[in-house]
Amino acid sequence: MFGIDIGGIPLEPALFVVALALGAGGLLWWDGRRTVAPTTAARRAVRHATTTMGVALAPGAAGVVLPILSFHLGIGPHVKTAQLVVVPTLGLWAFLAVYAVGELTWPRPQDAHRQARLTTRTVADVADRTARRRIWVTASLLVVATALLALVADGPDSIARVVDGVLERQTFFPGWAWTGPVLLVALLALALTEAVLHLIAARPAVVDVDETWDMWLRRRGARRVLRVVQLVSGLTLAGLLGVAGIALRMLGLGRTTMSTAALPVVPEYVTLGNVVLWVGVAAAVATTVAACWRWRDPLPGTASGRPTVEARS
Amino acid sequence: MTRTVRIDTTSPVPHYEQLRSQLAALITAGTLRDGERLPTVRVLAHDLGIAPGTVSRTYRDLEAAGLVTTRRRVGTLVTAPPVALDRAAVTEAARRFVRIARDHGLTDAEVRDAVAAELVLSRSTG
């Protein structure tokens with residue numbers, strides 16, 4: 001399964017775990033330094049939020065890295081490509097599940113005297129409307145793309161052409177065997193995302209801080225969730241388009257999986273393949289920009305009179 | 001009047017009753033206006049660190065008293081009592097009474113006991 005062993009421990013997963021632990025530790029340290037927490041309870045809340053994010057990112061990152069390691073480097077468990085394409089979204093499920101646990105275990109008020117503000121909080125109050133809309137647009141594009149790819153496919157995972165009465169087939173194509181599971185897990189991930197956003201809106205308010213600070217922390221959490229969801233769903237779409245583009249190009253160039261002799265080039269297939277490939281690249285760039293976009297959401301000034309800082313998360 | 005509710009977990013008064021009396025007071029005083037939406041049961045329960053069933057019971061009691069109404073998909077809305085001269089006079093009298101009680105150094109519990117005693121007396125004489 002794995003390449004090098006050190007004392008019985010496979011090297012690659014061990015390195016991956018160490019890198020994740022270092023990344024989570026670094027995130028905790030960095031977040032603790034840049035966030036102004038006005039009270040002890042606020043500091044505890046920031047720590048809880050950052051720990052949740054650090055732990056949740058581990059399976060999420062594994063979901064993105066493992067298919068790359070497996071497909072390109074042959075490291076890790078060898079599974080079919082059709083199964084491999086759902087791994088990032090399964091990683092996203094794990095990320096959302098861990099995040100949900102973090103929200104459900106949010107510190108609750110323990111004092112004898114407790115107080116609550118009579119304000120309503122909905123998902124719209126905590127999650128940025130534009131970011132949420134982008135995710136729904138990405139999901140819609142994923143639905144359209146998977147439906148089109150399944151329609152043009154010649155089989156579960158192939159595409160074919162007929163030139164001079166000869167059928168040639170390229171068997172590395174995202175047909176319904178790929179797109180069906182991808183679509184299913186992606187739509188479930190969207191439902192999970194909405195559930196997590198509801199949990200963020202409904203979790204207990206941080207005690208001893210004003211409402212604006214509490215809402216800021218909620219918005220930051222929601223923003224982080226939306227970034228990860230945007231990245232995974234967008235890159236899944238880009239990946240499918242990229243593979244489809246390469247397959248179409250190969251088919252047009254006559255380099256099919258069935259061919260033994262030189263086949264004639266069909267420029268239309270090559271052009272279409274190039275277009276689909278570049279749309280995939282554009283989707284990857286756009287989704288990365290959208291996910292990494294720096295929202296201006298200033299951290300509210302604290303009661304202790306410390307200056308307001310610009311918070312970017 | 002602030003738009004917050006408080007719970008004293010050491011008080012012998014049940015949580016739902018503490019919550020009910022404060023919400024009723026906020027609605028009667030006009031701090032919570034007609035048609036205003038109250039937090040969901042889950043949100044208020046989480047913020048106060050109490051069971052959702054407790055908040056649920058409070059909302060049910062308030063609904064029975066005609067102070068709130070619960071609608072599916074909308075939530076719990078304040079239904080302010082009709083503004084009437086007699087109610088305004090009673091509210092003003094209550095405000096005066098509380099001020100006097102505070103001036104005489106009475107605690108909240110003693111103020112409540114005084115009102116409860118008067119209610120019992122008025123029932124027995126009336």
# chains A, B, ... in the order shown; residues from 1 in each chain; ligands from 1
>>> interface_residues(of="chain A", to="chain B", cutoff="7 Å", atoms="only C-alpha atoms", output="PyMOL selection string")
chain A and resi 108-109+112-120+202-205
>>> write_last_selection(atoms="N, CA, C and O atoms", output="mmCIF file, in the first residue's frame")
data_model
loop_
_atom_site.group_PDB
_atom_site.id
_atom_site.type_symbol
_atom_site.label_atom_id
_atom_site.label_comp_id
_atom_site.auth_asym_id
_atom_site.auth_seq_id
_atom_site.Cartn_x
_atom_site.Cartn_y
_atom_site.Cartn_z
ATOM 1 N N ARG A 108 -20.944 26.491 27.074
ATOM 2 C CA ARG A 108 -22.252 26.992 27.503
ATOM 3 C C ARG A 108 -22.098 27.816 28.780
ATOM 4 O O ARG A 108 -21.147 27.582 29.534
ATOM 5 N N PRO A 109 -23.017 28.729 29.044
ATOM 6 C CA PRO A 109 -22.895 29.525 30.281
ATOM 7 C C PRO A 109 -22.998 28.632 31.518
ATOM 8 O O PRO A 109 -23.866 27.751 31.568
ATOM 9 N N ALA A 112 -24.077 31.115 37.868
ATOM 10 C CA ALA A 112 -25.396 31.021 38.496
ATOM 11 C C ALA A 112 -26.344 32.067 37.913
ATOM 12 O O ALA A 112 -27.534 31.826 37.746
ATOM 13 N N HIS A 113 -25.792 33.243 37.595
ATOM 14 C CA HIS A 113 -26.611 34.310 37.009
ATOM 15 C C HIS A 113 -26.291 34.409 35.521
ATOM 16 O O HIS A 113 -25.161 34.715 35.157
ATOM 17 N N ARG A 114 -27.280 34.141 34.704
ATOM 18 C CA ARG A 114 -27.067 34.140 33.251
ATOM 19 C C ARG A 114 -27.991 35.141 32.596
ATOM 20 O O ARG A 114 -29.076 35.411 33.111
ATOM 21 N N GLN A 115 -27.544 35.640 31.468
ATOM 22 C CA GLN A 115 -28.403 36.593 30.773
ATOM 23 C C GLN A 115 -28.337 36.377 29.268
ATOM 24 O O GLN A 115 -27.345 35.861 28.744
ATOM 25 N N ALA A 116 -29.416 36.700 28.610
ATOM 26 C CA ALA A 116 -29.495 36.521 27.154
ATOM 27 C C ALA A 116 -30.158 37.730 26.530
ATOM 28 O O ALA A 116 -31.083 38.309 27.111
ATOM 29 N N ARG A 117 -29.662 38.094 25.359
ATOM 30 C CA ARG A 117 -30.269 39.207 24.618
ATOM 31 C C ARG A 117 -31.463 38.674 23.821
ATOM 32 O O ARG A 117 -31.394 37.558 23.297
ATOM 33 N N LEU A 118 -32.481 39.514 23.736
ATOM 34 C CA LEU A 118 -33.689 39.074 23.024
ATOM 35 C C LEU A 118 -33.590 39.472 21.560
ATOM 36 O O LEU A 118 -34.363 40.290 21.067
ATOM 37 N N THR A 119 -32.613 38.904 20.888
ATOM 38 C CA THR A 119 -32.456 39.205 19.465
ATOM 39 C C THR A 119 -32.525 37.907 18.676
ATOM 40 O O THR A 119 -32.091 36.857 19.150
ATOM 41 N N THR A 120 -33.071 38.026 17.498
ATOM 42 C CA THR A 120 -33.162 36.833 16.655
ATOM 43 C C THR A 120 -31.875 36.710 15.847
ATOM 44 O O THR A 120 -31.287 37.716 15.451
ATOM 45 N N ALA A 202 -27.149 29.380 15.898
ATOM 46 C CA ALA A 202 -27.904 29.028 17.106
ATOM 47 C C ALA A 202 -27.028 28.735 18.321
ATOM 48 O O ALA A 202 -27.550 28.594 19.421
ATOM 49 N N ARG A 203 -25.732 28.673 18.160
ATOM 50 C CA ARG A 203 -24.877 28.278 19.291
ATOM 51 C C ARG A 203 -24.958 29.341 20.410
ATOM 52 O O ARG A 203 -25.335 30.492 20.152
ATOM 53 N N PRO A 204 -24.580 28.953 21.643
ATOM 54 C CA PRO A 204 -24.681 29.914 22.748
ATOM 55 C C PRO A 204 -23.837 31.165 22.505
ATOM 56 O O PRO A 204 -22.742 31.074 21.946
ATOM 57 N N ALA A 205 -24.374 32.300 22.936
ATOM 58 C CA ALA A 205 -23.624 33.548 22.796
ATOM 59 C C ALA A 205 -22.447 33.545 23.763
ATOM 60 O O ALA A 205 -22.518 32.932 24.831
#
>>> residues_around(residues="A:Leu241", least_positions_apart="4", cutoff="8 Å", atoms="only C-alpha atoms", output="PyMOL selection string")
chain A and resi 145+237+245+276-277+279-280
>>> write_last_selection(atoms="all heavy atoms", output="mmCIF file, in the first residue's frame")
data_model
loop_
_atom_site.group_PDB
_atom_site.id
_atom_site.type_symbol
_atom_site.label_atom_id
_atom_site.label_comp_id
_atom_site.auth_asym_id
_atom_site.auth_seq_id
_atom_site.Cartn_x
_atom_site.Cartn_y
_atom_site.Cartn_z
ATOM 1 N N ALA A 145 -22.883 20.632 -15.394
ATOM 2 C CA ALA A 145 -21.706 19.988 -15.988
ATOM 3 C C ALA A 145 -21.800 18.467 -15.906
ATOM 4 O O ALA A 145 -21.527 17.768 -16.897
ATOM 5 C CB ALA A 145 -20.445 20.476 -15.277
ATOM 6 N N LEU A 237 -15.562 20.611 -9.571
ATOM 7 C CA LEU A 237 -16.100 20.996 -10.881
ATOM 8 C C LEU A 237 -14.961 21.188 -11.885
ATOM 9 O O LEU A 237 -15.010 20.660 -13.011
ATOM 10 C CB LEU A 237 -16.909 22.294 -10.743
ATOM 11 C CG LEU A 237 -17.380 22.965 -12.027
ATOM 12 C CD1 LEU A 237 -18.426 22.104 -12.727
ATOM 13 C CD2 LEU A 237 -17.963 24.353 -11.750
ATOM 14 N N GLY A 245 -11.963 17.572 -20.694
ATOM 15 C CA GLY A 245 -11.256 18.288 -21.759
ATOM 16 C C GLY A 245 -10.090 17.482 -22.308
ATOM 17 O O GLY A 245 -9.920 17.364 -23.529
ATOM 18 N N VAL A 276 -13.039 23.027 -23.220
ATOM 19 C CA VAL A 276 -13.497 22.453 -21.934
ATOM 20 C C VAL A 276 -12.362 22.485 -20.914
ATOM 21 O O VAL A 276 -12.560 22.819 -19.737
ATOM 22 C CB VAL A 276 -14.033 21.016 -22.140
ATOM 23 C CG1 VAL A 276 -14.371 20.356 -20.809
ATOM 24 C CG2 VAL A 276 -15.267 21.034 -23.032
ATOM 25 N N LEU A 277 -11.147 22.166 -21.384
ATOM 26 C CA LEU A 277 -9.982 22.176 -20.494
ATOM 27 C C LEU A 277 -9.740 23.577 -19.930
ATOM 28 O O LEU A 277 -9.530 23.749 -18.720
ATOM 29 C CB LEU A 277 -8.743 21.691 -21.265
ATOM 30 C CG LEU A 277 -7.437 21.570 -20.477
ATOM 31 C CD1 LEU A 277 -7.587 20.591 -19.322
ATOM 32 C CD2 LEU A 277 -6.310 21.121 -21.391
ATOM 33 N N VAL A 279 -11.938 26.005 -19.715
ATOM 34 C CA VAL A 279 -13.054 26.363 -18.815
ATOM 35 C C VAL A 279 -12.778 25.767 -17.428
ATOM 36 O O VAL A 279 -13.005 26.414 -16.400
ATOM 37 C CB VAL A 279 -14.411 25.868 -19.387
ATOM 38 C CG1 VAL A 279 -15.522 25.995 -18.345
ATOM 39 C CG2 VAL A 279 -14.786 26.666 -20.633
ATOM 40 N N GLY A 280 -12.259 24.541 -17.415
ATOM 41 C CA GLY A 280 -11.895 23.891 -16.155
ATOM 42 C C GLY A 280 -10.822 24.671 -15.407
ATOM 43 O O GLY A 280 -10.925 24.892 -14.198
#
>>> closest_residue(among="A:Ala82, A:Ala45, A:Ala177, A:Leu184", to="A:Ala139", atoms="only C-alpha atoms")
A:Leu184
>>> closest_residue(among="A:Arg161, A:Arg134, A:Arg223, A:Lys80", to="A:Ala290", atoms="only C-alpha atoms")
A:Arg134
>>> select_by_dssp(residues="chain B", states="helix (DSSP H, G or I)", output="ChimeraX atom specification")
/B:15-28,41-48,52-64,85-103,108-125
>>> residues_around(residues="stretch 87-102 of chain B", least_positions_apart="4", cutoff="8 Å", atoms="only C-alpha atoms", output="ChimeraX atom specification")
/B:29,83,106-107,111
>>> residues_around(residues="A:Asp210", least_positions_apart="3", cutoff="12 Å", atoms="only C-alpha atoms", output="tab-separated table (two decimals) with C-alpha atoms, in the first residue's frame")
chain	number	residue	atom	x	y	z
A	37	ALA	CA	-10.35	38.99	22.72
A	38	PRO	CA	-11.82	41.46	25.22
A	39	THR	CA	-12.51	38.96	28.03
A	41	ALA	CA	-14.66	34.01	27.95
A	42	ALA	CA	-13.99	35.60	24.57
A	115	GLN	CA	-28.40	36.59	30.77
A	116	ALA	CA	-29.49	36.52	27.15
A	117	ARG	CA	-30.27	39.21	24.62
A	205	ALA	CA	-23.62	33.55	22.80
A	206	VAL	CA	-20.22	34.33	24.25
A	207	VAL	CA	-20.75	35.68	27.77
A	213	TRP	CA	-18.24	40.97	19.04
A	214	ASP	CA	-20.27	37.75	19.37
A	215	MET	CA	-21.77	38.24	15.91
A	216	TRP	CA	-18.32	38.99	14.49
A	217	LEU	CA	-17.03	35.65	15.80
A	299	LEU	CA	-13.27	43.30	14.63
A	300	PRO	CA	-15.41	45.46	16.93
A	301	GLY	CA	-13.56	47.69	19.41
A	302	THR	CA	-13.24	46.19	22.84
A	303	ALA	CA	-14.64	47.42	26.14
A	304	SER	CA	-11.11	47.74	27.50
>>> atom_distance(atom1="atom CA of A:Leu263", atom2="atom CA of A:Ala247")
15.3 Å
>>> atom_distance(atom1="atom CA of A:Ala94", atom2="atom CA of A:Leu57")
8.8 Å
>>> select_by_dssp(residues="stretch 44-257 of chain A", states="strand (DSSP E or B)", output="PyMOL selection string")
chain A and resi 113-117+155+158-163+166-170
>>> decode(residues="stretch 1-14 of chain B", atoms="all heavy atoms", output="compact mmCIF listing (two decimals), in the first residue's frame")
# COMPACT_ATOMS: atom_id res chain seq x y z
N MET B 1 -35.84 50.18 29.70
CA MET B 1 -35.72 48.76 30.09
C MET B 1 -34.86 48.02 29.05
O MET B 1 -35.08 48.18 27.87
CB MET B 1 -37.11 48.13 30.17
CG MET B 1 -37.17 46.92 31.09
SD MET B 1 -38.83 46.20 31.14
CE MET B 1 -39.61 47.23 32.36
N THR B 2 -33.89 47.24 29.50
CA THR B 2 -33.01 46.55 28.55
C THR B 2 -33.73 45.36 27.93
O THR B 2 -34.60 44.76 28.56
CB THR B 2 -31.74 46.06 29.25
OG1 THR B 2 -32.13 45.27 30.37
CG2 THR B 2 -30.89 47.22 29.72
N ARG B 3 -33.30 45.02 26.73
CA ARG B 3 -33.93 43.91 26.02
C ARG B 3 -33.18 42.62 26.30
O ARG B 3 -32.74 41.94 25.40
CB ARG B 3 -33.97 44.21 24.54
CG ARG B 3 -34.81 45.43 24.21
CD ARG B 3 -34.48 45.94 22.85
NE ARG B 3 -34.71 44.91 21.87
CZ ARG B 3 -35.91 44.69 21.31
NH1 ARG B 3 -36.93 45.41 21.62
NH2 ARG B 3 -36.05 43.75 20.43
N THR B 4 -33.00 42.35 27.57
CA THR B 4 -32.33 41.11 27.97
C THR B 4 -33.17 40.41 29.03
O THR B 4 -33.99 41.04 29.69
CB THR B 4 -30.94 41.38 28.56
OG1 THR B 4 -31.07 42.31 29.64
CG2 THR B 4 -29.97 41.93 27.54
N VAL B 5 -32.94 39.10 29.14
CA VAL B 5 -33.58 38.35 30.22
C VAL B 5 -32.49 37.68 31.04
O VAL B 5 -31.41 37.37 30.53
CB VAL B 5 -34.57 37.28 29.67
CG1 VAL B 5 -35.86 37.90 29.22
CG2 VAL B 5 -33.94 36.47 28.55
N ARG B 6 -32.79 37.53 32.31
CA ARG B 6 -31.80 36.95 33.23
C ARG B 6 -32.37 35.72 33.91
O ARG B 6 -33.58 35.67 34.18
CB ARG B 6 -31.38 37.97 34.28
CG ARG B 6 -30.55 39.08 33.72
CD ARG B 6 -30.20 40.11 34.77
NE ARG B 6 -29.35 41.16 34.22
CZ ARG B 6 -29.81 42.16 33.48
NH1 ARG B 6 -31.09 42.26 33.22
NH2 ARG B 6 -28.97 43.06 33.00
N ILE B 7 -31.50 34.79 34.21
CA ILE B 7 -31.90 33.58 34.94
C ILE B 7 -30.97 33.45 36.14
O ILE B 7 -29.75 33.56 36.00
CB ILE B 7 -31.76 32.32 34.04
CG1 ILE B 7 -32.84 32.30 32.96
CG2 ILE B 7 -31.80 31.04 34.86
CD1 ILE B 7 -34.20 31.89 33.41
N ASP B 8 -31.57 33.25 37.30
CA ASP B 8 -30.78 32.99 38.51
C ASP B 8 -30.97 31.51 38.85
O ASP B 8 -32.04 31.11 39.29
CB ASP B 8 -31.28 33.89 39.64
CG ASP B 8 -30.51 33.67 40.93
OD1 ASP B 8 -29.58 32.83 40.92
OD2 ASP B 8 -30.84 34.33 41.93
N THR B 9 -29.91 30.74 38.64
CA THR B 9 -30.05 29.29 38.83
C THR B 9 -30.13 28.91 40.31
O THR B 9 -30.50 27.79 40.64
CB THR B 9 -28.88 28.53 38.18
OG1 THR B 9 -27.67 29.07 38.69
CG2 THR B 9 -28.90 28.66 36.67
N THR B 10 -29.78 29.87 41.19
CA THR B 10 -29.84 29.57 42.63
C THR B 10 -31.22 29.92 43.22
O THR B 10 -31.51 29.59 44.36
CB THR B 10 -28.76 30.37 43.39
OG1 THR B 10 -28.98 31.77 43.14
CG2 THR B 10 -27.36 29.98 42.95
N SER B 11 -32.04 30.60 42.43
CA SER B 11 -33.36 31.03 42.92
C SER B 11 -34.31 29.84 43.00
O SER B 11 -34.27 28.95 42.16
CB SER B 11 -33.92 32.08 41.97
OG SER B 11 -35.29 32.28 42.21
N PRO B 12 -35.17 29.85 44.04
CA PRO B 12 -36.16 28.75 44.12
C PRO B 12 -37.26 28.88 43.06
O PRO B 12 -38.00 27.93 42.82
CB PRO B 12 -36.75 28.92 45.53
CG PRO B 12 -36.48 30.35 45.90
CD PRO B 12 -35.25 30.77 45.18
N VAL B 13 -37.35 30.06 42.44
CA VAL B 13 -38.37 30.26 41.39
C VAL B 13 -37.94 29.46 40.15
O VAL B 13 -36.79 29.56 39.71
CB VAL B 13 -38.49 31.76 41.02
CG1 VAL B 13 -39.55 31.97 39.95
CG2 VAL B 13 -38.79 32.60 42.26
N PRO B 14 -38.85 28.65 39.61
CA PRO B 14 -38.47 27.84 38.43
C PRO B 14 -37.99 28.72 37.28
O PRO B 14 -38.45 29.86 37.13
CB PRO B 14 -39.77 27.12 38.05
CG PRO B 14 -40.64 27.21 39.24
CD PRO B 14 -40.24 28.42 40.00
